[in-house]
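Asks: Provided below: structure_28.txt, containing compact mmCIF, N, CA and C atoms.
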```txt
# COMPACT_ATOMS: atom_id res chain seq x y z
N MET A 228 -14.02 122.20 -30.71
CA MET A 228 -14.01 122.71 -32.06
C MET A 228 -15.09 123.78 -32.23
N LYS A 229 -16.25 123.54 -31.58
CA LYS A 229 -17.33 124.49 -31.70
C LYS A 229 -16.98 125.83 -31.05
N ARG A 230 -16.25 125.77 -29.92
CA ARG A 230 -15.82 127.01 -29.26
C ARG A 230 -14.84 127.78 -30.14
N MET A 231 -13.94 127.05 -30.79
CA MET A 231 -12.97 127.71 -31.65
C MET A 231 -13.66 128.37 -32.84
N LEU A 232 -14.64 127.73 -33.40
CA LEU A 232 -15.39 128.31 -34.52
C LEU A 232 -16.17 129.53 -34.05
N THR A 233 -16.76 129.47 -32.89
CA THR A 233 -17.48 130.62 -32.35
C THR A 233 -16.54 131.79 -32.09
N ALA A 234 -15.36 131.51 -31.56
CA ALA A 234 -14.37 132.57 -31.32
C ALA A 234 -13.91 133.18 -32.63
N PHE A 235 -13.69 132.37 -33.64
CA PHE A 235 -13.29 132.87 -34.95
C PHE A 235 -14.37 133.76 -35.55
N GLU A 236 -15.62 133.33 -35.46
CA GLU A 236 -16.72 134.14 -35.99
C GLU A 236 -16.83 135.46 -35.25
N SER A 237 -16.65 135.44 -33.93
CA SER A 237 -16.72 136.67 -33.15
C SER A 237 -15.61 137.64 -33.55
N LEU A 238 -14.39 137.14 -33.70
CA LEU A 238 -13.29 138.00 -34.12
C LEU A 238 -13.51 138.55 -35.53
N PHE A 239 -14.03 137.71 -36.40
CA PHE A 239 -14.31 138.14 -37.77
C PHE A 239 -15.34 139.27 -37.79
N ILE A 240 -16.38 139.13 -37.01
CA ILE A 240 -17.41 140.18 -36.94
C ILE A 240 -16.83 141.44 -36.31
N TYR A 241 -16.03 141.29 -35.26
CA TYR A 241 -15.43 142.45 -34.59
C TYR A 241 -14.53 143.23 -35.54
N PHE A 242 -13.63 142.55 -36.21
CA PHE A 242 -12.72 143.24 -37.12
C PHE A 242 -13.45 143.75 -38.36
N GLY A 243 -14.50 143.08 -38.77
CA GLY A 243 -15.28 143.55 -39.90
C GLY A 243 -15.98 144.87 -39.60
N THR A 244 -16.51 145.01 -38.40
CA THR A 244 -17.17 146.27 -38.05
C THR A 244 -16.15 147.38 -37.87
N ALA A 245 -14.97 147.05 -37.33
CA ALA A 245 -13.92 148.07 -37.18
C ALA A 245 -13.46 148.55 -38.56
N THR A 246 -13.39 147.65 -39.52
CA THR A 246 -12.99 148.04 -40.87
C THR A 246 -14.02 148.96 -41.48
N LEU A 247 -15.29 148.66 -41.29
CA LEU A 247 -16.33 149.53 -41.83
C LEU A 247 -16.29 150.91 -41.19
N ALA A 248 -16.03 150.96 -39.90
CA ALA A 248 -15.96 152.24 -39.22
C ALA A 248 -14.78 153.07 -39.73
N LEU A 249 -13.66 152.44 -39.97
CA LEU A 249 -12.50 153.16 -40.47
C LEU A 249 -12.67 153.56 -41.93
N ALA A 250 -13.46 152.81 -42.68
CA ALA A 250 -13.66 153.13 -44.09
C ALA A 250 -14.47 154.40 -44.27
N GLU A 251 -15.23 154.80 -43.28
CA GLU A 251 -16.07 155.98 -43.40
C GLU A 251 -15.31 157.28 -43.12
N GLU A 252 -14.13 157.18 -42.56
CA GLU A 252 -13.38 158.39 -42.24
C GLU A 252 -12.79 159.00 -43.50
N LYS A 253 -12.74 160.32 -43.53
CA LYS A 253 -12.13 161.01 -44.66
C LYS A 253 -10.62 161.08 -44.44
N PRO A 254 -9.86 160.84 -45.48
CA PRO A 254 -8.40 160.89 -45.31
C PRO A 254 -7.93 162.31 -45.04
N ALA A 255 -6.97 162.43 -44.15
CA ALA A 255 -6.44 163.75 -43.80
C ALA A 255 -5.01 163.89 -44.30
N GLY A 256 -4.69 163.23 -45.40
CA GLY A 256 -3.32 163.24 -45.89
C GLY A 256 -2.98 164.40 -46.79
N GLY A 257 -3.95 165.11 -47.28
CA GLY A 257 -3.67 166.23 -48.14
C GLY A 257 -3.28 165.83 -49.55
N GLY A 258 -3.71 164.68 -50.03
CA GLY A 258 -3.42 164.26 -51.39
C GLY A 258 -2.18 163.40 -51.54
N TYR A 259 -1.61 162.93 -50.45
CA TYR A 259 -0.40 162.13 -50.53
C TYR A 259 -0.66 160.64 -50.41
N GLU A 260 -1.91 160.22 -50.42
CA GLU A 260 -2.24 158.82 -50.20
C GLU A 260 -1.66 157.93 -51.29
N ALA A 261 -1.74 158.36 -52.56
CA ALA A 261 -1.23 157.54 -53.66
C ALA A 261 0.28 157.40 -53.55
N THR A 262 0.97 158.45 -53.15
CA THR A 262 2.42 158.38 -53.00
C THR A 262 2.79 157.40 -51.90
N ALA A 263 2.03 157.39 -50.82
CA ALA A 263 2.31 156.46 -49.73
C ALA A 263 2.16 155.02 -50.21
N TYR A 264 1.14 154.73 -51.02
CA TYR A 264 0.97 153.37 -51.53
C TYR A 264 2.13 152.96 -52.42
N VAL A 265 2.66 153.88 -53.18
CA VAL A 265 3.82 153.57 -54.02
C VAL A 265 5.01 153.21 -53.14
N TRP A 266 5.26 153.97 -52.09
CA TRP A 266 6.38 153.68 -51.20
C TRP A 266 6.17 152.36 -50.47
N PHE A 267 4.94 152.09 -50.01
CA PHE A 267 4.67 150.81 -49.35
C PHE A 267 4.89 149.65 -50.30
N ALA A 268 4.49 149.80 -51.56
CA ALA A 268 4.70 148.74 -52.54
C ALA A 268 6.20 148.53 -52.78
N LEU A 269 6.97 149.60 -52.86
CA LEU A 269 8.41 149.49 -53.07
C LEU A 269 9.08 148.80 -51.87
N ILE A 270 8.70 149.18 -50.67
CA ILE A 270 9.27 148.56 -49.47
C ILE A 270 8.89 147.08 -49.43
N GLY A 271 7.63 146.76 -49.74
CA GLY A 271 7.20 145.36 -49.77
C GLY A 271 7.98 144.55 -50.79
N PHE A 272 8.24 145.14 -51.97
CA PHE A 272 9.01 144.44 -52.99
C PHE A 272 10.43 144.16 -52.51
N ILE A 273 11.04 145.14 -51.86
CA ILE A 273 12.40 144.96 -51.36
C ILE A 273 12.45 143.87 -50.29
N ILE A 274 11.46 143.86 -49.41
CA ILE A 274 11.42 142.83 -48.35
C ILE A 274 11.21 141.45 -48.96
N LEU A 275 10.28 141.33 -49.91
CA LEU A 275 10.04 140.04 -50.54
C LEU A 275 11.26 139.57 -51.31
N TRP A 276 11.94 140.47 -52.00
CA TRP A 276 13.15 140.10 -52.74
C TRP A 276 14.23 139.62 -51.77
N GLY A 277 14.37 140.27 -50.62
CA GLY A 277 15.35 139.85 -49.64
C GLY A 277 15.06 138.47 -49.08
N VAL A 278 13.79 138.19 -48.81
CA VAL A 278 13.41 136.86 -48.32
C VAL A 278 13.69 135.81 -49.39
N TYR A 279 13.33 136.11 -50.64
CA TYR A 279 13.60 135.17 -51.73
C TYR A 279 15.10 134.94 -51.86
N ASP A 280 15.88 136.01 -51.84
CA ASP A 280 17.32 135.91 -52.01
C ASP A 280 17.97 135.15 -50.87
N SER A 281 17.45 135.31 -49.67
CA SER A 281 18.05 134.67 -48.50
C SER A 281 17.68 133.20 -48.37
N PHE A 282 16.43 132.83 -48.70
CA PHE A 282 15.97 131.50 -48.38
C PHE A 282 15.65 130.62 -49.58
N PHE A 283 15.24 131.18 -50.70
CA PHE A 283 14.72 130.35 -51.78
C PHE A 283 15.59 130.30 -53.04
N ARG A 284 16.53 131.18 -53.18
CA ARG A 284 17.37 131.18 -54.37
C ARG A 284 18.40 130.06 -54.26
N PRO A 285 18.60 129.30 -55.35
CA PRO A 285 19.58 128.21 -55.27
C PRO A 285 21.00 128.74 -55.11
N MET A 286 21.81 127.97 -54.44
CA MET A 286 23.21 128.36 -54.23
C MET A 286 23.97 128.21 -55.54
N ASP A 287 24.86 129.13 -55.81
CA ASP A 287 25.67 129.08 -57.04
C ASP A 287 26.89 128.24 -56.85
```
So that I can check it, write out the structure of this file as structure tokens.
Replies:
Amino acid sequence: MKRMLTAFESLFIYFGTATLALAEEKPAGGGYEATAYVWFALIGFIILWGVYDSFFRPMD
């Protein structure tokens, strides 16, 4: 259990530092970042609706 906790902490620190490094970069999108988030949100909504419709909606 102690090894698993140590491995988890190591991965958490590794990914945390990678996130900080990526957060410092300036975006090179030319002002399209907000539009991309809108499209990602729309795609996510469609995927979630499909999963709900396929697995969780009661049968008629």
Asks: How many Å separate CA of Trp266 (chain A) from atom N of Tyr279 (chain A)?
Replies: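 Computed distance, CA of Trp266 (chain A) to atom N of Tyr279 (chain A), equals 18.9 Å.
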Asks: Could you please determine the separation between atom C of Val278 (chain A) and atom C of Val265 (chain A) in Å, to one decimal place?
Replies: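 According to the coordinates, atom C of Val278 (chain A) and atom C of Val265 (chain A) are separated by 19.8 Å.
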Asks: In Å, with one decimal, what is the gap from atom N of Phe267 (chain A) to atom C of Asp280 (chain A)?
Replies: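 Atom C of Asp280 (chain A) lies at a distance of 21.4 Å from atom N of Phe267 (chain A).
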